$ cat coords_33.pdb   # PDB, C-alpha atoms
ATOM      1  CA  MET A   1      74.025  51.077  -4.787
ATOM      2  CA  LEU A   2      72.054  48.789  -2.487
ATOM      3  CA  GLY A   3      68.919  50.852  -3.202
ATOM      4  CA  LEU A   4      69.355  50.334  -6.959
ATOM      5  CA  LEU A   5      69.800  46.583  -6.460
ATOM      6  CA  LEU A   6      66.636  46.390  -4.345
ATOM      7  CA  LEU A   7      64.742  48.348  -7.015
ATOM      8  CA  VAL A   8      65.879  45.935  -9.762
ATOM      9  CA  VAL A   9      64.881  42.907  -7.633
ATOM     10  CA  ALA A  10      61.479  44.464  -6.854
ATOM     11  CA  LEU A  11      60.844  45.224 -10.530
ATOM     12  CA  PHE A  12      61.903  41.679 -11.477
ATOM     13  CA  LEU A  13      59.507  40.148  -8.936
ATOM     14  CA  ALA A  14      56.682  42.456  -9.997
ATOM     15  CA  TRP A  15      57.194  41.570 -13.669
ATOM     16  CA  TYR A  16      57.621  37.784 -13.339
ATOM     17  CA  GLY A  17      55.788  37.120 -10.101
ATOM     18  CA  VAL A  18      57.181  35.492  -6.999
ATOM     19  CA  GLY A  19      56.646  31.952  -8.352
ATOM     20  CA  GLY A  20      57.943  32.583 -11.872
ATOM     21  CA  ILE A  21      56.372  33.240 -15.271
ATOM     22  CA  VAL A  22      54.144  30.133 -15.082
ATOM     23  CA  GLN A  23      51.826  31.926 -12.658
ATOM     24  CA  ARG A  24      51.292  34.917 -14.950
ATOM     25  CA  GLU A  25      47.916  35.485 -16.530
ATOM     26  CA  ILE A  26      46.676  37.805 -19.253
ATOM     27  CA  ARG A  27      42.970  38.638 -19.574
ATOM     28  CA  VAL A  28      41.744  40.398 -22.693
ATOM     29  CA  HIS A  29      38.557  40.476 -24.757
ATOM     30  CA  ARG A  30      40.276  39.951 -28.104
ATOM     31  CA  ILE A  31      43.771  39.373 -29.460
ATOM     32  CA  TYR A  32      44.605  40.224 -33.071
ATOM     33  CA  ALA A  33      47.718  38.848 -34.790
ATOM     34  CA  VAL A  34      48.747  40.788 -37.884
ATOM     35  CA  ASP A  35      51.160  39.993 -40.707
ATOM     36  CA  ASP A  36      54.071  42.181 -41.856
ATOM     37  CA  ALA A  37      51.661  44.326 -43.897
ATOM     38  CA  GLY A  38      49.466  44.979 -40.850
ATOM     39  CA  VAL A  39      46.590  42.758 -42.089
ATOM     40  CA  VAL A  40      44.756  40.807 -39.360
ATOM     41  CA  ARG A  41      45.478  37.101 -39.916
ATOM     42  CA  VAL A  42      44.247  35.585 -36.611
ATOM     43  CA  ARG A  43      41.721  36.764 -34.049
ATOM     44  CA  ILE A  44      41.233  35.140 -30.671
ATOM     45  CA  GLY A  45      38.172  36.118 -28.647
ATOM     46  CA  GLN A  46      34.429  36.589 -28.848
ATOM     47  CA  ASP A  47      32.643  37.996 -31.896
ATOM     48  CA  PRO A  48      31.608  41.616 -31.561
ATOM     49  CA  ALA A  49      27.894  41.969 -30.719
ATOM     50  CA  GLY A  50      25.518  42.073 -33.714
ATOM     51  CA  GLY A  51      27.745  39.965 -35.975
ATOM     52  CA  HIS A  52      26.823  37.899 -39.017
ATOM     53  CA  ARG A  53      26.705  34.406 -37.465
ATOM     54  CA  MET A  54      23.555  32.521 -36.514
ATOM     55  CA  SER A  55      24.885  32.595 -32.948
ATOM     56  CA  ARG A  56      27.678  34.655 -31.426
ATOM     57  CA  ALA A  57      30.929  32.692 -31.179
ATOM     58  CA  ALA A  58      34.134  32.807 -29.143
ATOM     59  CA  GLY A  59      37.278  31.138 -30.418
ATOM     60  CA  VAL A  60      40.004  31.419 -33.027
ATOM     61  CA  ILE A  61      39.270  32.935 -36.452
ATOM     62  CA  VAL A  62      41.813  32.843 -39.307
ATOM     63  CA  TYR A  63      41.992  35.324 -42.183
ATOM     64  CA  ASP A  64      43.736  35.332 -45.569
ATOM     65  CA  THR A  65      46.213  37.931 -46.852
ATOM     66  CA  THR A  66      43.348  40.272 -47.792
ATOM     67  CA  GLY A  67      41.801  40.149 -44.302
ATOM     68  CA  LEU A  68      38.895  37.914 -45.402
ATOM     69  CA  GLU A  69      37.729  35.320 -42.860
ATOM     70  CA  ARG A  70      38.693  31.831 -44.086
ATOM     71  CA  GLY A  71      37.750  29.650 -41.137
ATOM     72  CA  GLY A  72      37.899  29.077 -37.443
ATOM     73  CA  MET A  73      37.048  27.079 -34.384
ATOM     74  CA  GLY A  74      34.862  28.221 -31.559
ATOM     75  CA  THR A  75      32.087  27.728 -29.078
ATOM     76  CA  MET A  76      28.768  29.424 -29.780
ATOM     77  CA  ASP A  77      26.183  31.022 -27.523
ATOM     78  CA  ASN A  78      23.592  28.462 -28.750
ATOM     79  CA  GLY A  79      25.614  25.598 -27.203
ATOM     80  CA  ARG A  80      27.401  24.446 -30.354
ATOM     81  CA  VAL A  81      31.105  23.999 -30.887
ATOM     82  CA  ALA A  82      32.248  24.171 -34.500
ATOM     83  CA  ILE A  83      35.214  24.067 -36.849
ATOM     84  CA  GLY A  84      34.724  25.613 -40.270
ATOM     85  CA  LEU A  85      36.673  26.389 -43.431
ATOM     86  CA  ASP A  86      35.435  29.059 -45.848
ATOM     87  CA  SER A  87      35.790  29.779 -49.542
ATOM     88  CA  PRO A  88      37.744  32.902 -50.506
ATOM     89  CA  SER A  89      35.033  34.030 -52.919
ATOM     90  CA  THR A  90      31.431  33.154 -53.691
ATOM     91  CA  PRO A  91      28.678  34.093 -56.102
ATOM     92  CA  LYS A  92      26.740  37.083 -54.783
ATOM     93  CA  GLY A  93      24.398  36.167 -51.933
ATOM     94  CA  THR A  94      25.999  32.750 -51.376
ATOM     95  CA  ALA A  95      27.441  31.659 -48.044
ATOM     96  CA  ARG A  96      31.202  31.083 -48.004
ATOM     97  CA  ASP A  97      31.091  27.986 -45.742
ATOM     98  CA  ARG A  98      32.625  24.929 -47.446
ATOM     99  CA  VAL A  99      33.646  22.461 -44.718
ATOM    100  CA  GLY A 100      32.036  22.214 -41.308
ATOM    101  CA  LEU A 101      32.298  20.005 -38.258
ATOM    102  CA  MET A 102      29.860  20.651 -35.409
ATOM    103  CA  VAL A 103      28.693  19.239 -32.080
ATOM    104  CA  ASP A 104      25.490  20.779 -30.696
ATOM    105  CA  GLY A 105      24.542  21.363 -27.073
ATOM    106  CA  LYS A 106      22.921  17.910 -26.831
ATOM    107  CA  GLY A 107      25.971  16.042 -28.169
ATOM    108  CA  ASN A 108      24.632  15.472 -31.692
ATOM    109  CA  THR A 109      27.280  15.693 -34.418
ATOM    110  CA  MET A 110      27.419  16.837 -38.023
ATOM    111  CA  PHE A 111      30.065  16.955 -40.747
ATOM    112  CA  MET A 112      29.288  18.823 -43.960
ATOM    113  CA  LEU A 113      30.996  19.491 -47.300
ATOM    114  CA  LEU A 114      29.545  22.142 -49.619
ATOM    115  CA  ASP A 115      30.295  22.755 -53.289
ATOM    116  CA  ALA A 116      31.363  26.034 -54.926
ATOM    117  CA  LYS A 117      27.719  27.211 -54.943
ATOM    118  CA  ALA A 118      27.316  26.438 -51.207
ATOM    119  CA  VAL A 119      25.115  23.403 -51.914
ATOM    120  CA  PRO A 120      25.657  20.631 -49.320
ATOM    121  CA  VAL A 121      27.054  17.658 -51.266
ATOM    122  CA  VAL A 122      28.024  15.417 -48.332
ATOM    123  CA  MET A 123      26.531  15.496 -44.850
ATOM    124  CA  ALA A 124      27.094  13.012 -42.032
ATOM    125  CA  LYS A 125      24.950  13.279 -38.902
ATOM    126  CA  GLY A 126      25.085  11.437 -35.596
ATOM    127  CA  GLY A 127      22.495  11.514 -32.846
ATOM    128  CA  ASP A 128      20.591   9.516 -30.251
ATOM    129  CA  LYS A 129      18.976   7.256 -32.875
ATOM    130  CA  GLY A 130      22.097   6.483 -34.912
ATOM    131  CA  GLY A 131      23.659   8.201 -37.845
ATOM    132  CA  THR A 132      23.001   9.019 -41.473
ATOM    133  CA  LEU A 133      25.099   9.901 -44.481
ATOM    134  CA  GLN A 134      23.639  12.121 -47.191
ATOM    135  CA  VAL A 135      25.007  12.835 -50.627
ATOM    136  CA  SER A 136      23.284  15.391 -52.828
ATOM    137  CA  ALA A 137      23.518  17.286 -56.099
ATOM    138  CA  LEU A 138      21.567  19.998 -57.871
ATOM    139  CA  THR A 139      19.541  18.973 -60.906
ATOM    140  CA  PRO A 140      20.948  20.305 -64.220
ATOM    141  CA  ASP A 141      18.449  23.202 -64.202
ATOM    142  CA  GLY A 142      19.528  24.121 -60.638
ATOM    143  CA  LYS A 143      15.939  24.194 -59.369
ATOM    144  CA  GLN A 144      15.952  20.994 -57.308
ATOM    145  CA  LEU A 145      18.300  19.138 -55.013
ATOM    146  CA  GLN A 146      18.506  15.368 -55.337
ATOM    147  CA  VAL A 147      19.321  13.760 -51.971
ATOM    148  CA  ARG A 148      20.320  10.191 -51.198
ATOM    149  CA  THR A 149      20.309   9.305 -47.491
ATOM    150  CA  LEU A 150      22.029   6.183 -46.220
ATOM    151  CA  GLY A 151      21.114   4.926 -42.776
ATOM    152  CA  VAL A 152      21.323   1.766 -40.701
ATOM    153  CA  SER A 153      17.555   1.255 -40.901
ATOM    154  CA  GLY A 154      17.391   1.898 -44.650
ATOM    155  CA  ASP A 155      18.200   4.201 -47.527
ATOM    156  CA  THR A 156      16.005   6.892 -49.071
ATOM    157  CA  GLN A 157      16.159   9.085 -52.123
ATOM    158  CA  SER A 158      14.291  12.373 -52.447
ATOM    159  CA  THR A 159      14.101  15.553 -54.476
ATOM    160  CA  GLU A 160      13.773  18.894 -52.711
ATOM    161  CA  ALA A 161      13.296  22.431 -53.933
ATOM    162  CA  ALA A 162      16.631  24.273 -54.102
ATOM    163  CA  ASP A 163      16.530  27.453 -52.023
TER     164      ASP A 163
END
$ encode --input "coords_33.pdb" --output "structure tokens"
Amino acid sequence: MLGLLLLVVALFLAWYGVGGIVQREIRVHRIYAVDDAGVVRVRIGQDPAGGHRMSRAAGVIVYDTTGLERGGMGTMDNGRVAIGLDSPSTPKGTARDRVGLMVDGKGNTMFMLLDAKAVPVVMAKGGDKGGTLQVSALTPDGKQLQVRTLGVSGDTQSTEAAD
């Protein structure tokens, strides 16, 4: 009987640690949380190598009920940290990004809102020389982007080719 008691105590200490559960640690490359249907809804960890981003990221990615990525927050290999929200569907060949908040490796900031065609309609930037706010819209023919930039040292208006 004493042997069984010692075994239970040893197993308890091995499972919870001598100092309690607070000292426990789990190290994994990725964690996937799935819904009741088995669809991945949250992923925590680094992107697999060769992914679709401009720079590999590590963080939290959220998915909708179909398993489509809808946003996330992470640090990137290029020094950026970003929070983004994505559209569930887009015209073919169009990025799904719709809302973005980013700080680059030098501390510069950017906030961006994009329309349903992934055209940036509002962009706020902050850097060493102050900040700017841009509002933009496609021309009716969709071939040019009209941009109004507001800054402390003055405002500008320009027309750029739509890519």
$ resolve_selection --input "coords_33.pdb" --expression "the PyMOL selection byres ((chain A and resi 114) around 9)" --output "count of residues only"
15
$ atom_distance --input "coords_33.pdb" --atom1 "CA of Val81 in chain A" --atom2 "CA of Val42 in chain A"
18.4 Å
$ atom_distance --input "coords_33.pdb" --atom1 "CA of Gly126 in chain A" --atom2 "CA of Ile83 in chain A"
16.2 Å
$ residues_around --input "coords_33.pdb" --residues "Arg80 in chain A" --least-positions-apart "6" --cutoff "7 Å" --atoms "all atoms listed in the file" --output "mmCIF file with C-alpha atoms, in the frame of the given file"
data_model
loop_
_atom_site.group_PDB
_atom_site.id
_atom_site.type_symbol
_atom_site.label_atom_id
_atom_site.label_comp_id
_atom_site.auth_asym_id
_atom_site.auth_seq_id
_atom_site.Cartn_x
_atom_site.Cartn_y
_atom_site.Cartn_z
ATOM 1 C CA MET A 102 29.860 20.651 -35.409
ATOM 2 C CA VAL A 103 28.693 19.239 -32.080
ATOM 3 C CA ASP A 104 25.490 20.779 -30.696
ATOM 4 C CA GLY A 105 24.542 21.363 -27.073
#
$ atom_distance --input "coords_33.pdb" --atom1 "CA of Ile31 in chain A" --atom2 "CA of Glu69 in chain A"
15.2 Å
$ resolve_selection --input "coords_33.pdb" --expression "the PyMOL selection byres ((chain A and resi 44) around 8)" --output "list in words"
Arg30, Ile31, Tyr32, Val42, Arg43, Gly45, Gln46, Ala58, Gly59, Val60 and Ile61 of chain A
$ residues_near_point --input "coords_33.pdb" --point "(23.4, 8.1, -38.4)" --cutoff "10 Å" --atoms "all atoms listed in the file" --output "list in words"
Thr109, Met110, Ala124, Lys125, Gly126, Gly127, Asp128, Lys129, Gly130, Gly131, Thr132, Leu133, Gln134, Thr149, Leu150, Gly151, Val152 and Ser153 of chain A
$ residues_around --input "coords_33.pdb" --residues "Ser158 in chain A" --least-positions-apart "4" --cutoff "9 Å" --atoms "all atoms listed in the file" --output "JSON, numbers by chain"
{"A": [145, 146, 147, 148, 149]}
$ residues_near_point --input "coords_33.pdb" --point "(52.3, 37.3, -38.1)" --cutoff "12 Å" --atoms "only C-alpha atoms" --output "ChimeraX atom specification"
/A:32-43,62-65
$ write_last_selection --input "coords_33.pdb" --atoms "C-alpha atoms" --output "short mmCIF file (atom, residue, chain, number, x, y, z; two decimals), keeping the file's coordinate frame"
data_model
loop_
_atom_site.label_atom_id
_atom_site.label_comp_id
_atom_site.auth_asym_id
_atom_site.auth_seq_id
_atom_site.Cartn_x
_atom_site.Cartn_y
_atom_site.Cartn_z
CA TYR A 32 44.60 40.22 -33.07
CA ALA A 33 47.72 38.85 -34.79
CA VAL A 34 48.75 40.79 -37.88
CA ASP A 35 51.16 39.99 -40.71
CA ASP A 36 54.07 42.18 -41.86
CA ALA A 37 51.66 44.33 -43.90
CA GLY A 38 49.47 44.98 -40.85
CA VAL A 39 46.59 42.76 -42.09
CA VAL A 40 44.76 40.81 -39.36
CA ARG A 41 45.48 37.10 -39.92
CA VAL A 42 44.25 35.58 -36.61
CA ARG A 43 41.72 36.76 -34.05
CA VAL A 62 41.81 32.84 -39.31
CA TYR A 63 41.99 35.32 -42.18
CA ASP A 64 43.74 35.33 -45.57
CA THR A 65 46.21 37.93 -46.85
#
$ closest_residue --input "coords_33.pdb" --among "A:Phe111, A:Pro88, A:Gly142, A:Glu160" --to "Thr66 in chain A" --atoms "all atoms listed in the file"
A:Pro88
$ residues_around --input "coords_33.pdb" --residues "Ala82 in chain A" --least-positions-apart "2" --cutoff "6 Å" --atoms "all atoms listed in the file" --output "list in words"
Met73, Gly74, Leu101 and Met102 of chain A
$ resolve_selection --input "coords_33.pdb" --expression "the PyMOL selection byres ((chain A and resi 77) around 6)" --output "tab-separated table (two decimals) with C-alpha atoms, in the frame of the given file"
chain	number	residue	atom	x	y	z
A	55	SER	CA	24.88	32.60	-32.95
A	56	ARG	CA	27.68	34.66	-31.43
A	76	MET	CA	28.77	29.42	-29.78
A	78	ASN	CA	23.59	28.46	-28.75
A	79	GLY	CA	25.61	25.60	-27.20
$ closest_residue --input "coords_33.pdb" --among "A:Gly154, A:Thr159, A:Ser87, A:Arg27" --to "Thr139 in chain A" --atoms "only C-alpha atoms"
A:Thr159
$ build_atoms --input "coords_33.pdb" --residues "range 119-139 of chain A" --atoms "N, CA and C atoms" --output "mmCIF file, in the frame of the given file"
data_model
loop_
_atom_site.group_PDB
_atom_site.id
_atom_site.type_symbol
_atom_site.label_atom_id
_atom_site.label_comp_id
_atom_site.auth_asym_id
_atom_site.auth_seq_id
_atom_site.Cartn_x
_atom_site.Cartn_y
_atom_site.Cartn_z
ATOM 1 N N VAL A 119 26.102 24.480 -52.001
ATOM 2 C CA VAL A 119 25.115 23.403 -51.914
ATOM 3 C C VAL A 119 25.758 22.262 -51.127
ATOM 4 N N PRO A 120 25.078 21.747 -50.076
ATOM 5 C CA PRO A 120 25.657 20.631 -49.320
ATOM 6 C C PRO A 120 25.709 19.375 -50.182
ATOM 7 N N VAL A 121 26.906 18.849 -50.432
ATOM 8 C CA VAL A 121 27.054 17.658 -51.266
ATOM 9 C C VAL A 121 27.297 16.405 -50.443
ATOM 10 N N VAL A 122 27.846 16.541 -49.250
ATOM 11 C CA VAL A 122 28.024 15.417 -48.332
ATOM 12 C C VAL A 122 27.700 15.912 -46.935
ATOM 13 N N MET A 123 26.867 15.141 -46.226
ATOM 14 C CA MET A 123 26.531 15.496 -44.850
ATOM 15 C C MET A 123 26.425 14.208 -44.038
ATOM 16 N N ALA A 124 27.175 14.142 -42.951
ATOM 17 C CA ALA A 124 27.094 13.012 -42.032
ATOM 18 C C ALA A 124 26.557 13.548 -40.707
ATOM 19 N N LYS A 125 25.551 12.849 -40.162
ATOM 20 C CA LYS A 125 24.950 13.279 -38.902
ATOM 21 C C LYS A 125 24.931 12.115 -37.929
ATOM 22 N N GLY A 126 25.168 12.432 -36.652
ATOM 23 C CA GLY A 126 25.085 11.437 -35.596
ATOM 24 C C GLY A 126 24.222 11.967 -34.476
ATOM 25 N N GLY A 127 23.377 11.096 -33.926
ATOM 26 C CA GLY A 127 22.495 11.514 -32.846
ATOM 27 C C GLY A 127 22.092 10.342 -31.991
ATOM 28 N N ASP A 128 21.060 10.552 -31.170
ATOM 29 C CA ASP A 128 20.591 9.516 -30.251
ATOM 30 C C ASP A 128 20.105 8.258 -30.964
ATOM 31 N N LYS A 129 19.586 8.390 -32.172
ATOM 32 C CA LYS A 129 18.976 7.256 -32.875
ATOM 33 C C LYS A 129 19.865 6.725 -33.998
ATOM 34 N N GLY A 130 21.178 6.969 -33.900
ATOM 35 C CA GLY A 130 22.097 6.483 -34.912
ATOM 36 C C GLY A 130 22.530 7.603 -35.834
ATOM 37 N N GLY A 131 23.134 7.210 -36.934
ATOM 38 C CA GLY A 131 23.659 8.201 -37.845
ATOM 39 C C GLY A 131 23.148 8.027 -39.261
ATOM 40 N N THR A 132 23.353 9.070 -40.059
ATOM 41 C CA THR A 132 23.001 9.019 -41.473
ATOM 42 C C THR A 132 24.120 9.671 -42.275
ATOM 43 N N LEU A 133 24.184 9.285 -43.535
ATOM 44 C CA LEU A 133 25.099 9.901 -44.481
ATOM 45 C C LEU A 133 24.274 10.328 -45.682
ATOM 46 N N GLN A 134 24.371 11.593 -46.038
ATOM 47 C CA GLN A 134 23.639 12.121 -47.191
ATOM 48 C C GLN A 134 24.617 12.581 -48.244
ATOM 49 N N VAL A 135 24.306 12.262 -49.490
ATOM 50 C CA VAL A 135 25.007 12.835 -50.627
ATOM 51 C C VAL A 135 23.954 13.513 -51.481
ATOM 52 N N SER A 136 24.285 14.654 -52.069
ATOM 53 C CA SER A 136 23.284 15.391 -52.828
ATOM 54 C C SER A 136 23.924 16.137 -53.980
ATOM 55 N N ALA A 137 23.075 16.510 -54.939
ATOM 56 C CA ALA A 137 23.518 17.286 -56.099
ATOM 57 C C ALA A 137 22.328 18.057 -56.640
ATOM 58 N N LEU A 138 22.614 19.226 -57.196
ATOM 59 C CA LEU A 138 21.567 19.998 -57.871
ATOM 60 C C LEU A 138 21.216 19.334 -59.185
ATOM 61 N N THR A 139 19.948 19.432 -59.583
ATOM 62 C CA THR A 139 19.541 18.973 -60.906
ATOM 63 C C THR A 139 20.183 19.900 -61.939
#
